[in-house]
Amino acid sequence: MKYMRTASFAKLVEALGRDYDIYAPVQEEERLLLQRLVPGENGGGASVAWNPARLGESLKPIWFQTSRVVSRWTAEGPEAGPTPRPRAIIGAKGCDLAALGIIDKVFRDHTFQEPGWCAAREQNLVISGDCTTCLDSCFCTMVGHAPHPEAHFDLNLSPLEGGFGVEVGSPKGEALVADHADLFEEAGGEQVAARDAARAEMTERVEAQNEPHAVRDPFAQSIEKHKSNRLWEALAATCVQCNACNMVCPTCHCFFLVDVAGEEGSSRLSCWDSCFEGGYARMAGGGTPRLQLVERFKNHYHHKFVSFPKNWGVTACSGCGRCIDACMGRIDKRACLHRLETEWLPSDTLQGVQ
Amino acid sequence: MKNPFVPVPAVLEAVIDETPTIKTFCLKPAEPIPFRAGQFVQLEVPGLGEAPFTPSSSPFEPDRMEITILKTGLVTNRLHELEAGVTLGIRGPFGKGYPIHRFEDQTVLVIGGGVGLAPLRSLLFHLFHEPEACGNVSIKYGSREPAEMCFKRQHASWGERPGVDFTPTIDRPAEGWDGHVGLVTTLLDDLDLDREKTYAVSCGPEVMLRFVTWKLLDVGFPPERIYLSMNRNMSCGMGICGRCNVGSYYLCKDGPDMCYADIKDVPYALG
Ligand SMILES: Cc1cc2nc3c(=O)[nH]c(=O)nc-3n(C[C@H](O)[C@H](O)[C@H](O)COP(=O)(O)OP(=O)(O)OC[C@H]3O[C@@H](n4cnc5c(N)ncnc54)[C@H](O)[C@@H]3O)c2cc1C
Ligand code: SF4
Ligand code: SF4
Ligand code: FES
């Protein structure tokens with residue numbers, strides 16, 4: 001581990017501006033918001049705030065924009081869409097990075113690659129940080145993650161007296177440290193111990209706050225068990241189908257392609273989509289496989305906790321809790337998963353998850 | 001690796017009227033698009049959108065592609081208005097294709113409904129090209145009326161091939177029709193086929209697939225020997241946009257032809 005003083009961190013951020021568009025948490029009155037740093041406007045390195053826990057919005061759009069031109073068809077014929085400039089992201093947390101690993105499975109690590117995602121994963125720089133507090137909705141530890149980054153960062157910061165412990169997570173991070181050797185020093189054994197103690201304490205805090213939601217069986221088991229159970233109807237009763245849970249989720253990756261004609265030819269956009277939408281799976285002729293909201297609600301859980309692990313070997317949830325905070329219907333995923341294990345409302349009106 | 005969102009341009013060389021609502025589009029892609037029978041492509045009308053179709057032509061002729069299309073909505077309506085000469089886009093191929101490797105020494109029972117015969121024609125081209133790939137081929141084809149039948153020009157030659165029988169049927173009696181009348185399922189009642197040495201491959205509207213499956217199970221086919229070309233809304237075609245799932249399967253990646261044994265426990269799999 002390295003050590004970096006707080007003042008050196010500001011210098012490092014300034015230096016990054018040469019190669020990257022920088023996105024970092026900035027204090028805006030009461031709120032911490034992820035902002036693009038524009039020197040002269042919202043300042044440079046000095047305006048970066050430490051976010052003690054994950055931010056309100058997910059960082060997903062940094063790598064996977066809400067809508068992106070994936071290809072174009074001009075007089076010259078079809079061509080790939082543009083790649084955005086490299087971005088440096090400061091303030092990513094363990095759950096944010098776990099989510100990157102989850103989407104990697106689909107967008108990068110199989111037969112077909114999502115070129116925009118792969119390019120962004122390759123060229124972007126991530127400076128993450130340990131969580132120094134947790135929000136009420138945080139449950140990373142329930143889904144196998146931790147309140148500190150375990151992978152997918154270039155540098156990770158752990159707050160210590162007067163500065164940060166710095167862990168190097170990639171060759172890109174290594175090069176960064178080498179290029180700015182004057183900003184870093186070797187950390188001592190006590191500093192490493194202090195970091196580890198802080199991490200252990202945070203992990204315990206997250207575990208303790210989720211004690212009431214603790215389950216015995218794997219989520220997949222309790223979801224599959226409820227093939228025909230009115231409990232799903234009870235769980236979905238307050239869902240108003242606003243799609244917020246999908247939109248804030250760092251692991252949701254559904255999109256659809258839309259072609260748009262323009263003056264110089266046409267563009268194909270990949271746009272975020274939501275499985276809560278009634279028309280999401282509508283087929284030609286109007287048929288739709290999950291007509292009722294409760295079926296789409298179940299599909300969301302089934303996808304995250306049953307299908308995704310089956311297909312990709314990991315659960316499609318990083319435990320960030322954003323869907324809990326965003327839900328107008330006050331639906332708490334942890335509570336739902338808990339009830340699925342502990343309650344039973346038999347019914348034959350529903351066939352189960354599709 | 002090639003960018004999977006960028007289509008290959010393909011010139012529309014000819015359009016064949018099959019029925020009042022179905023046309024076959026003969027395309028010449030800028031580069032050959034090798035595909036296996038049953039794999040599908042996304043066909044794009046530039047600036048309008050794309051839709052998934054399974055080529056109906058021979059997989060042994062990858063420099064030409066024929067796609068047989070029912071007029072039913074935004075993209076297909078526009079396609080039906082097009083004339084030879086325009087350039088379209090093709091992405092793919094996607095999906096697994098028919099399990100031809102299982103067909104050796106087996107009878108292949110091909111059951112098509114309406115435009116569903118299109119993907120199956122590509123399979124037939126494969127099996128006719130490589131007769132050693134399977135044993136006998138029995139084709140059952142249902143249409144609403146004689147005018148709604150695809151590939152009429154080829155039916156006779158198919159039926160004349162050694163080891164091949166072709167039986168068409170129409171839903172209701174029609175003037176000038178002296179063939180079988182009744183839903184395609186009625187052709188499955190008295191099958192003289194060894195259930196343990198036959199694979200059934202079916203493509204057509206969802207209701208048809210449902211009734212065909214029930215009938216096949218009824219007459220003793222094991223679920224492992226029933227393959228269905230399933231239909232779902234598809235966008236990316238490559239298992240990443242999420243929308244075409246049937247349970248834990250993505251039809252675009254794991255199908256579109258699915259073994260009934262794999263999907264039988266998925267609720268609403270067949271509507
Ligand atoms: C694997 C597979 C193979 C197929 N093979 C064949 C075949 O060989 N022959 C054949 O005739 N049919 C085939 N089909 C069916 C064919 O894909 C549909 O008939 C076709 O998609 C209809 O498209 P449409 O735009 O004309 O219809 P629409 O009803 O207008 O659209 C169908 C779907 O496309 C989406 N869509 C339409 N417009 C837009 C838009 N503006 N923006 C975003 N989404 C939109 C919608 O989600 C809609 O549910 C196949 C389907 C699949 C899945
Ligand atoms: S499902 Fe909810 S808790 Fe899980 S990653 Fe998505 S937003 Fe976060
Ligand atoms: S955020 Fe809540 S109300 Fe909105 S779609 Fe999701 S579950 Fe339903
Ligand atoms: S069409 Fe995108 S996942 Fe199947």
# chains A, B, ... in the order shown; residues from 1 in each chain; ligands from 1
>>> interface_residues(of="chain B", to="chain A", cutoff="8 Å", atoms="only C-alpha atoms", output="MDAnalysis selection string")
chainID B and resid 3:9 46:50 72:73 231:233 235:236 238:249 266:269 271
>>> residues_around(residues="stretch 56-66 of chain B", least_positions_apart="2", cutoff="9 Å", atoms="only C-alpha atoms", output="list of chain:residue names")
B:Thr24, B:Phe25, B:Cys26, B:Leu27, B:Lys28, B:Pro29, B:Ala30, B:Glu31, B:Pro32, B:Ile33, B:Pro34, B:Phe35, B:Arg36, B:Ala37, B:Gly38, B:Phe53, B:Thr54, B:Thr68, B:Leu117, B:Ala118, B:Pro119, B:Leu120, B:Arg121, B:Ser122, B:Leu123, B:Leu124, B:Phe125, B:His126, B:His129
>>> write_last_selection(atoms="N, CA and C atoms", output="JSON list (two decimals), in the first residue's frame")
[["chain", "number", "residue", "atom", "x", "y", "z"],
["B", 24, "THR", "N", -40.78, -13.05, -50.59],
["B", 24, "THR", "CA", -39.41, -13.48, -50.36],
["B", 24, "THR", "C", -38.48, -12.43, -50.93],
["B", 25, "PHE", "N", -37.54, -11.98, -50.10],
["B", 25, "PHE", "CA", -36.59, -10.94, -50.48],
["B", 25, "PHE", "C", -35.24, -11.59, -50.77],
["B", 26, "CYS", "N", -34.77, -11.41, -52.01],
["B", 26, "CYS", "CA", -33.51, -12.03, -52.41],
["B", 26, "CYS", "C", -32.42, -10.97, -52.31],
["B", 27, "LEU", "N", -31.47, -11.23, -51.44],
["B", 27, "LEU", "CA", -30.47, -10.21, -51.11],
["B", 27, "LEU", "C", -29.07, -10.66, -51.49],
["B", 28, "LYS", "N", -28.26, -9.69, -51.88],
["B", 28, "LYS", "CA", -26.85, -9.96, -52.17],
["B", 28, "LYS", "C", -26.03, -9.11, -51.21],
["B", 29, "PRO", "N", -25.55, -9.72, -50.13],
["B", 29, "PRO", "CA", -24.77, -8.95, -49.16],
["B", 29, "PRO", "C", -23.40, -8.56, -49.72],
["B", 30, "ALA", "N", -22.85, -7.45, -49.23],
["B", 30, "ALA", "CA", -21.55, -6.97, -49.71],
["B", 30, "ALA", "C", -20.44, -7.97, -49.42],
["B", 31, "GLU", "N", -20.64, -8.79, -48.41],
["B", 31, "GLU", "CA", -19.70, -9.88, -48.14],
["B", 31, "GLU", "C", -20.54, -11.10, -47.77],
["B", 32, "PRO", "N", -20.04, -12.32, -48.05],
["B", 32, "PRO", "CA", -20.85, -13.50, -47.73],
["B", 32, "PRO", "C", -21.19, -13.53, -46.24],
["B", 33, "ILE", "N", -22.39, -13.98, -45.92],
["B", 33, "ILE", "CA", -22.79, -14.11, -44.51],
["B", 33, "ILE", "C", -23.05, -15.59, -44.24],
["B", 34, "PRO", "N", -22.02, -16.33, -43.83],
["B", 34, "PRO", "CA", -22.23, -17.75, -43.58],
["B", 34, "PRO", "C", -23.18, -17.92, -42.39],
["B", 35, "PHE", "N", -24.13, -18.83, -42.52],
["B", 35, "PHE", "CA", -25.06, -19.08, -41.40],
["B", 35, "PHE", "C", -25.43, -20.55, -41.38],
["B", 36, "ARG", "N", -25.88, -21.01, -40.24],
["B", 36, "ARG", "CA", -26.41, -22.38, -40.13],
["B", 36, "ARG", "C", -27.92, -22.31, -40.21],
["B", 37, "ALA", "N", -28.54, -23.34, -40.76],
["B", 37, "ALA", "CA", -30.00, -23.34, -40.87],
["B", 37, "ALA", "C", -30.60, -23.12, -39.50],
["B", 38, "GLY", "N", -31.53, -22.18, -39.41],
["B", 38, "GLY", "CA", -32.18, -21.90, -38.14],
["B", 38, "GLY", "C", -31.59, -20.69, -37.43],
["B", 53, "PHE", "N", -35.28, -12.07, -38.60],
["B", 53, "PHE", "CA", -35.82, -13.06, -39.54],
["B", 53, "PHE", "C", -34.82, -14.18, -39.70],
["B", 54, "THR", "N", -35.36, -15.38, -39.94],
["B", 54, "THR", "CA", -34.49, -16.51, -40.21],
["B", 54, "THR", "C", -34.44, -16.69, -41.72],
["B", 68, "THR", "N", -37.94, -14.70, -46.17],
["B", 68, "THR", "CA", -39.36, -14.74, -46.51],
["B", 68, "THR", "C", -40.13, -14.10, -45.38],
["B", 117, "LEU", "N", -42.87, -21.83, -42.51],
["B", 117, "LEU", "CA", -42.15, -22.76, -43.37],
["B", 117, "LEU", "C", -40.82, -22.14, -43.86],
["B", 118, "ALA", "N", -40.70, -20.81, -43.69],
["B", 118, "ALA", "CA", -39.51, -20.12, -44.23],
["B", 118, "ALA", "C", -38.21, -20.61, -43.58],
["B", 119, "PRO", "N", -38.10, -20.53, -42.25],
["B", 119, "PRO", "CA", -36.87, -21.03, -41.62],
["B", 119, "PRO", "C", -36.67, -22.51, -41.89],
["B", 120, "LEU", "N", -37.79, -23.24, -41.97],
["B", 120, "LEU", "CA", -37.71, -24.68, -42.18],
["B", 120, "LEU", "C", -37.19, -24.98, -43.59],
["B", 121, "ARG", "N", -37.45, -24.07, -44.54],
["B", 121, "ARG", "CA", -36.96, -24.32, -45.89],
["B", 121, "ARG", "C", -35.43, -24.32, -45.90],
["B", 122, "SER", "N", -34.86, -23.46, -45.07],
["B", 122, "SER", "CA", -33.40, -23.44, -44.99],
["B", 122, "SER", "C", -32.89, -24.78, -44.43],
["B", 123, "LEU", "N", -33.62, -25.32, -43.46],
["B", 123, "LEU", "CA", -33.26, -26.64, -42.92],
["B", 123, "LEU", "C", -33.39, -27.70, -44.00],
["B", 124, "LEU", "N", -34.49, -27.63, -44.77],
["B", 124, "LEU", "CA", -34.69, -28.62, -45.84],
["B", 124, "LEU", "C", -33.56, -28.54, -46.86],
["B", 125, "PHE", "N", -33.17, -27.31, -47.23],
["B", 125, "PHE", "CA", -32.06, -27.15, -48.17],
["B", 125, "PHE", "C", -30.81, -27.84, -47.62],
["B", 126, "HIS", "N", -30.60, -27.69, -46.33],
["B", 126, "HIS", "CA", -29.42, -28.33, -45.73],
["B", 126, "HIS", "C", -29.53, -29.85, -45.84],
["B", 129, "HIS", "N", -29.15, -31.09, -49.30],
["B", 129, "HIS", "CA", -27.78, -30.93, -49.78],
["B", 129, "HIS", "C", -26.86, -32.02, -49.20]]
>>> select_by_dssp(residues="stretch 47-184 of chain B", states="strand (DSSP E)", output="number ranges by chain")
B: 49-53, 65-70, 87-94, 107-113, 137-143, 164-170, 180-181
>>> closest_residue(among="B:Ser138, B:Thr76, B:Gln42, B:Ser202", to="ligand 4", atoms="only C-alpha atoms and all ligand atoms")
B:Gln42
>>> closest_residue(among="B:Cys134, B:Phe128, B:Asp17, B:Arg195", to="B:Cys150", atoms="only C-alpha atoms")
B:Asp17
>>> residues_near_ligand(ligand="ligand 3", cutoff="7 Å", atoms="only C-alpha atoms and all ligand atoms", output="list in words")
Ala236, Thr238, Cys239, Val240, Gln241, Cys242, Asn243, Ala244, Cys245, Asn246, Phe276, Cys323, Ala326, Cys327, Met328, Gly329, Arg330 and Ile331 of chain A
>>> write_last_selection(atoms="all heavy atoms", output="compact mmCIF listing (two decimals), in the first residue's frame")
# COMPACT_ATOMS: atom_id res chain seq x y z
N ALA A 236 -45.76 -6.75 -4.89
CA ALA A 236 -45.82 -5.79 -6.00
C ALA A 236 -46.97 -4.80 -5.84
O ALA A 236 -47.15 -3.92 -6.67
CB ALA A 236 -45.95 -6.53 -7.32
N THR A 238 -47.67 -2.17 -4.23
CA THR A 238 -47.49 -0.72 -4.25
C THR A 238 -46.61 -0.26 -5.42
O THR A 238 -46.26 0.91 -5.51
CB THR A 238 -46.87 -0.21 -2.93
OG1 THR A 238 -45.66 -0.94 -2.70
CG2 THR A 238 -47.83 -0.41 -1.77
N CYS A 239 -46.24 -1.18 -6.28
CA CYS A 239 -45.42 -0.80 -7.44
C CYS A 239 -46.28 -0.01 -8.41
O CYS A 239 -47.36 -0.44 -8.80
CB CYS A 239 -44.86 -2.04 -8.13
SG CYS A 239 -43.99 -1.66 -9.66
N VAL A 240 -45.79 1.19 -8.78
CA VAL A 240 -46.54 2.01 -9.73
C VAL A 240 -45.89 1.99 -11.11
O VAL A 240 -46.17 2.80 -11.96
CB VAL A 240 -46.67 3.47 -9.24
CG1 VAL A 240 -47.53 3.54 -8.00
CG2 VAL A 240 -45.29 4.09 -8.98
N GLN A 241 -44.95 1.05 -11.28
CA GLN A 241 -44.30 0.87 -12.57
C GLN A 241 -43.64 2.14 -13.07
O GLN A 241 -43.79 2.54 -14.22
CB GLN A 241 -45.35 0.40 -13.58
CG GLN A 241 -44.74 -0.30 -14.77
CD GLN A 241 -45.75 -0.50 -15.87
OE1 GLN A 241 -46.81 -1.06 -15.64
NE2 GLN A 241 -45.44 -0.03 -17.05
N CYS A 242 -42.89 2.78 -12.18
CA CYS A 242 -42.21 4.02 -12.57
C CYS A 242 -40.87 3.73 -13.23
O CYS A 242 -40.24 4.62 -13.80
CB CYS A 242 -42.01 4.91 -11.36
SG CYS A 242 -40.87 4.19 -10.16
N ASN A 243 -40.40 2.50 -13.12
CA ASN A 243 -39.11 2.07 -13.70
C ASN A 243 -37.89 2.61 -12.96
O ASN A 243 -36.76 2.38 -13.40
CB ASN A 243 -38.97 2.47 -15.17
CG ASN A 243 -40.10 1.97 -16.02
OD1 ASN A 243 -40.79 1.04 -15.62
ND2 ASN A 243 -40.29 2.56 -17.16
N ALA A 244 -38.12 3.34 -11.89
CA ALA A 244 -36.97 3.96 -11.19
C ALA A 244 -35.97 2.91 -10.75
O ALA A 244 -34.76 3.11 -10.85
CB ALA A 244 -37.46 4.76 -9.99
N CYS A 245 -36.47 1.77 -10.27
CA CYS A 245 -35.54 0.75 -9.76
C CYS A 245 -34.58 0.30 -10.85
O CYS A 245 -33.40 0.06 -10.59
CB CYS A 245 -36.31 -0.43 -9.17
SG CYS A 245 -37.60 -1.09 -10.22
N ASN A 246 -35.06 0.21 -12.08
CA ASN A 246 -34.18 -0.18 -13.18
C ASN A 246 -33.20 0.94 -13.52
O ASN A 246 -32.04 0.71 -13.80
CB ASN A 246 -34.99 -0.46 -14.46
CG ASN A 246 -35.76 -1.76 -14.41
OD1 ASN A 246 -36.84 -1.86 -14.98
ND2 ASN A 246 -35.23 -2.76 -13.74
N PHE A 276 -39.81 -3.36 -16.50
CA PHE A 276 -41.12 -3.10 -15.87
C PHE A 276 -42.11 -2.55 -16.89
O PHE A 276 -43.30 -2.50 -16.64
CB PHE A 276 -40.97 -2.12 -14.70
CG PHE A 276 -40.58 -2.79 -13.42
CD1 PHE A 276 -39.27 -3.19 -13.18
CD2 PHE A 276 -41.54 -3.06 -12.44
CE1 PHE A 276 -38.91 -3.83 -12.01
CE2 PHE A 276 -41.18 -3.70 -11.26
CZ PHE A 276 -39.87 -4.09 -11.04
N CYS A 323 -32.22 0.95 -5.52
CA CYS A 323 -33.61 0.68 -5.90
C CYS A 323 -34.55 0.87 -4.70
O CYS A 323 -35.71 1.20 -4.87
CB CYS A 323 -33.74 -0.73 -6.47
SG CYS A 323 -33.13 -2.00 -5.36
N ALA A 326 -35.04 4.64 -4.31
CA ALA A 326 -35.74 5.28 -5.43
C ALA A 326 -37.21 4.89 -5.51
O ALA A 326 -37.99 5.56 -6.18
CB ALA A 326 -35.05 4.89 -6.75
N CYS A 327 -37.59 3.83 -4.84
CA CYS A 327 -38.93 3.28 -5.07
C CYS A 327 -40.04 4.13 -4.47
O CYS A 327 -40.09 4.36 -3.28
CB CYS A 327 -39.02 1.85 -4.52
SG CYS A 327 -40.60 1.10 -4.89
N MET A 328 -40.94 4.56 -5.35
CA MET A 328 -42.10 5.35 -4.89
C MET A 328 -43.03 4.50 -4.05
O MET A 328 -43.78 5.01 -3.24
CB MET A 328 -42.91 5.79 -6.10
CG MET A 328 -42.19 6.68 -7.01
SD MET A 328 -43.47 7.59 -7.83
CE MET A 328 -42.49 8.49 -8.97
N GLY A 329 -43.03 3.21 -4.33
CA GLY A 329 -43.94 2.32 -3.61
C GLY A 329 -43.32 1.80 -2.32
O GLY A 329 -43.89 0.92 -1.68
N ARG A 330 -42.16 2.35 -1.96
CA ARG A 330 -41.45 1.95 -0.73
C ARG A 330 -41.22 0.44 -0.68
O ARG A 330 -41.45 -0.21 0.33
CB ARG A 330 -42.21 2.39 0.52
CG ARG A 330 -42.32 3.89 0.63
CD ARG A 330 -43.04 4.30 1.89
NE ARG A 330 -43.20 5.75 1.93
CZ ARG A 330 -42.33 6.58 2.49
NH1 ARG A 330 -41.25 6.12 3.06
NH2 ARG A 330 -42.55 7.87 2.48
N ILE A 331 -40.82 -0.08 -1.81
CA ILE A 331 -40.55 -1.52 -1.86
C ILE A 331 -39.07 -1.74 -1.57
O ILE A 331 -38.22 -1.14 -2.22
CB ILE A 331 -40.95 -2.10 -3.23
CG1 ILE A 331 -42.47 -1.94 -3.43
CG2 ILE A 331 -40.54 -3.58 -3.33
CD1 ILE A 331 -42.94 -2.24 -4.83
>>> residues_around(residues="B:Cys259", least_positions_apart="3", cutoff="6 Å", atoms="only C-alpha atoms", output="tab-separated table (two decimals) with C-alpha atoms, in the first residue's frame")
chain	number	residue	atom	x	y	z
B	226	ILE	CA	-39.50	-31.87	-29.90
B	227	TYR	CA	-37.86	-28.68	-31.17
B	262	ASP	CA	-35.68	-27.36	-21.73
>>> residues_around(residues="stretch 34-51 of chain A", least_positions_apart="4", cutoff="7 Å", atoms="only C-alpha atoms", output="PyMOL selection string")
chain A and resi 10-11+13-14+22-27+91
>>> write_last_selection(atoms="all heavy atoms", output="PDB file, in the first residue's frame")
ATOM      1  N   ALA A  10      -5.268  16.443  -4.517  1.00  0.00           N
ATOM      2  CA  ALA A  10      -5.757  17.530  -5.379  1.00  0.00           C
ATOM      3  C   ALA A  10      -4.832  17.702  -6.587  1.00  0.00           C
ATOM      4  O   ALA A  10      -5.292  17.913  -7.710  1.00  0.00           O
ATOM      5  CB  ALA A  10      -5.851  18.826  -4.585  1.00  0.00           C
ATOM      6  N   LYS A  11      -3.540  17.584  -6.344  1.00  0.00           N
ATOM      7  CA  LYS A  11      -2.587  17.732  -7.456  1.00  0.00           C
ATOM      8  C   LYS A  11      -2.760  16.611  -8.481  1.00  0.00           C
ATOM      9  O   LYS A  11      -2.689  16.827  -9.687  1.00  0.00           O
ATOM     10  CB  LYS A  11      -1.142  17.703  -6.932  1.00  0.00           C
ATOM     11  CG  LYS A  11      -0.736  18.982  -6.255  1.00  0.00           C
ATOM     12  CD  LYS A  11       0.758  18.949  -5.944  1.00  0.00           C
ATOM     13  CE  LYS A  11       1.072  19.993  -4.887  1.00  0.00           C
ATOM     14  NZ  LYS A  11       2.240  19.653  -4.097  1.00  0.00           N
ATOM     15  N   VAL A  13      -5.453  14.982  -9.148  1.00  0.00           N
ATOM     16  CA  VAL A  13      -6.679  15.224  -9.915  1.00  0.00           C
ATOM     17  C   VAL A  13      -6.421  16.266 -11.005  1.00  0.00           C
ATOM     18  O   VAL A  13      -6.848  16.100 -12.154  1.00  0.00           O
ATOM     19  CB  VAL A  13      -7.834  15.659  -8.978  1.00  0.00           C
ATOM     20  CG1 VAL A  13      -9.065  16.038  -9.786  1.00  0.00           C
ATOM     21  CG2 VAL A  13      -8.164  14.549  -7.986  1.00  0.00           C
ATOM     22  N   GLU A  14      -5.722  17.344 -10.643  1.00  0.00           N
ATOM     23  CA  GLU A  14      -5.398  18.369 -11.642  1.00  0.00           C
ATOM     24  C   GLU A  14      -4.668  17.735 -12.823  1.00  0.00           C
ATOM     25  O   GLU A  14      -4.964  18.006 -13.976  1.00  0.00           O
ATOM     26  CB  GLU A  14      -4.478  19.448 -11.043  1.00  0.00           C
ATOM     27  CG  GLU A  14      -5.036  20.181  -9.840  1.00  0.00           C
ATOM     28  CD  GLU A  14      -6.083  21.211 -10.219  1.00  0.00           C
ATOM     29  OE1 GLU A  14      -6.086  21.644 -11.376  1.00  0.00           O
ATOM     30  OE2 GLU A  14      -6.915  21.547  -9.343  1.00  0.00           O
ATOM     31  N   ILE A  22     -12.916  14.451 -16.200  1.00  0.00           N
ATOM     32  CA  ILE A  22     -12.977  13.956 -14.822  1.00  0.00           C
ATOM     33  C   ILE A  22     -14.401  14.068 -14.262  1.00  0.00           C
ATOM     34  O   ILE A  22     -15.038  15.117 -14.372  1.00  0.00           O
ATOM     35  CB  ILE A  22     -12.012  14.739 -13.910  1.00  0.00           C
ATOM     36  CG1 ILE A  22     -10.593  14.630 -14.482  1.00  0.00           C
ATOM     37  CG2 ILE A  22     -12.063  14.213 -12.479  1.00  0.00           C
ATOM     38  CD1 ILE A  22      -9.582  15.441 -13.722  1.00  0.00           C
ATOM     39  N   TYR A  23     -14.875  12.993 -13.681  1.00  0.00           N
ATOM     40  CA  TYR A  23     -16.172  12.986 -13.004  1.00  0.00           C
ATOM     41  C   TYR A  23     -15.910  12.681 -11.532  1.00  0.00           C
ATOM     42  O   TYR A  23     -15.265  11.677 -11.214  1.00  0.00           O
ATOM     43  CB  TYR A  23     -17.100  11.934 -13.601  1.00  0.00           C
ATOM     44  CG  TYR A  23     -17.553  12.293 -15.000  1.00  0.00           C
ATOM     45  CD1 TYR A  23     -16.716  12.105 -16.091  1.00  0.00           C
ATOM     46  CD2 TYR A  23     -18.809  12.854 -15.220  1.00  0.00           C
ATOM     47  CE1 TYR A  23     -17.116  12.462 -17.366  1.00  0.00           C
ATOM     48  CE2 TYR A  23     -19.219  13.212 -16.492  1.00  0.00           C
ATOM     49  CZ  TYR A  23     -18.368  13.008 -17.566  1.00  0.00           C
ATOM     50  OH  TYR A  23     -18.774  13.363 -18.823  1.00  0.00           O
ATOM     51  N   ALA A  24     -16.408  13.542 -10.670  1.00  0.00           N
ATOM     52  CA  ALA A  24     -16.103  13.367  -9.246  1.00  0.00           C
ATOM     53  C   ALA A  24     -17.256  13.890  -8.403  1.00  0.00           C
ATOM     54  O   ALA A  24     -18.060  14.706  -8.872  1.00  0.00           O
ATOM     55  CB  ALA A  24     -14.823  14.131  -8.919  1.00  0.00           C
ATOM     56  N   PRO A  25     -17.347  13.444  -7.153  1.00  0.00           N
ATOM     57  CA  PRO A  25     -18.394  13.969  -6.270  1.00  0.00           C
ATOM     58  C   PRO A  25     -18.061  15.411  -5.888  1.00  0.00           C
ATOM     59  O   PRO A  25     -16.917  15.712  -5.539  1.00  0.00           O
ATOM     60  CB  PRO A  25     -18.323  13.065  -5.034  1.00  0.00           C
ATOM     61  CG  PRO A  25     -17.255  12.071  -5.284  1.00  0.00           C
ATOM     62  CD  PRO A  25     -16.504  12.448  -6.505  1.00  0.00           C
ATOM     63  N   VAL A  26     -19.065  16.256  -6.008  1.00  0.00           N
ATOM     64  CA  VAL A  26     -18.901  17.665  -5.649  1.00  0.00           C
ATOM     65  C   VAL A  26     -20.041  18.007  -4.694  1.00  0.00           C
ATOM     66  O   VAL A  26     -21.174  17.577  -4.896  1.00  0.00           O
ATOM     67  CB  VAL A  26     -18.956  18.551  -6.924  1.00  0.00           C
ATOM     68  CG1 VAL A  26     -18.972  20.030  -6.563  1.00  0.00           C
ATOM     69  CG2 VAL A  26     -17.772  18.238  -7.845  1.00  0.00           C
ATOM     70  N   GLN A  27     -19.704  18.763  -3.634  1.00  0.00           N
ATOM     71  CA  GLN A  27     -20.746  19.131  -2.660  1.00  0.00           C
ATOM     72  C   GLN A  27     -21.594  20.255  -3.240  1.00  0.00           C
ATOM     73  O   GLN A  27     -21.079  21.316  -3.583  1.00  0.00           O
ATOM     74  CB  GLN A  27     -20.089  19.595  -1.359  1.00  0.00           C
ATOM     75  CG  GLN A  27     -21.052  19.771  -0.200  1.00  0.00           C
ATOM     76  CD  GLN A  27     -21.460  18.429   0.424  1.00  0.00           C
ATOM     77  OE1 GLN A  27     -20.638  17.546   0.585  1.00  0.00           O
ATOM     78  NE2 GLN A  27     -22.750  18.287   0.737  1.00  0.00           N
ATOM     79  N   GLY A  91     -14.424   8.476  -6.717  1.00  0.00           N
ATOM     80  CA  GLY A  91     -15.492   8.305  -5.734  1.00  0.00           C
ATOM     81  C   GLY A  91     -16.308   7.049  -5.898  1.00  0.00           C
ATOM     82  O   GLY A  91     -17.344   6.888  -5.254  1.00  0.00           O
TER      83      GLY A  91
END
>>> closest_atom_pairs(of="chain A", to="ligand 2", cutoff="10 Å", atoms="only C-alpha atoms and all ligand atoms", output="tab-separated table")
residue	atom	partner	partner_atom_place_in_ligand_line	distance
A:Glu57	CA	ligand 2	7 (S)	9.5
A:Ser58	CA	ligand 2	7 (S)	8.1
A:Cys95	CA	ligand 2	5 (S)	7.5
A:Asp96	CA	ligand 2	5 (S)	8.3
A:Ala98	CA	ligand 2	5 (S)	8.9
A:Ala99	CA	ligand 2	5 (S)	6.7
A:Ile102	CA	ligand 2	5 (S)	9.5
A:Ser137	CA	ligand 2	3 (S)	8.0
A:Cys138	CA	ligand 2	3 (S)	7.5
A:Phe139	CA	ligand 2	3 (S)	7.2
A:Cys140	CA	ligand 2	3 (S)	7.8
A:Val143	CA	ligand 2	4 (Fe)	8.6
A:Ala244	CA	ligand 2	7 (S)	9.1
A:Cys245	CA	ligand 2	7 (S)	6.0
A:Asn246	CA	ligand 2	7 (S)	7.0
A:Met247	CA	ligand 2	7 (S)	8.2
A:Val248	CA	ligand 2	7 (S)	5.8
A:Cys249	CA	ligand 2	7 (S)	3.5
A:Pro250	CA	ligand 2	5 (S)	5.4
A:Thr251	CA	ligand 2	5 (S)	5.4
A:Cys252	CA	ligand 2	6 (Fe)	6.5
A:His300	CA	ligand 2	1 (S)	8.7
A:Tyr301	CA	ligand 2	1 (S)	8.3
A:Lys304	CA	ligand 2	1 (S)	7.2
A:Phe305	CA	ligand 2	1 (S)	9.4
A:Thr315	CA	ligand 2	4 (Fe)	9.0
A:Ala316	CA	ligand 2	5 (S)	6.7
A:Cys317	CA	ligand 2	4 (Fe)	3.6
A:Ser318	CA	ligand 2	5 (S)	4.2
A:Gly319	CA	ligand 2	3 (S)	3.9
A:Cys320	CA	ligand 2	8 (Fe)	3.9
A:Gly321	CA	ligand 2	3 (S)	3.7
A:Arg322	CA	ligand 2	7 (S)	4.3
A:Cys323	CA	ligand 2	7 (S)	4.1
A:Ile324	CA	ligand 2	2 (Fe)	6.4
A:Asp325	CA	ligand 2	7 (S)	8.7
A:Ala326	CA	ligand 2	7 (S)	8.6
A:Cys327	CA	ligand 2	2 (Fe)	9.9
A:Asp332	CA	ligand 2	2 (Fe)	8.8
A:Lys333	CA	ligand 2	2 (Fe)	6.9
A:Arg334	CA	ligand 2	3 (S)	8.4
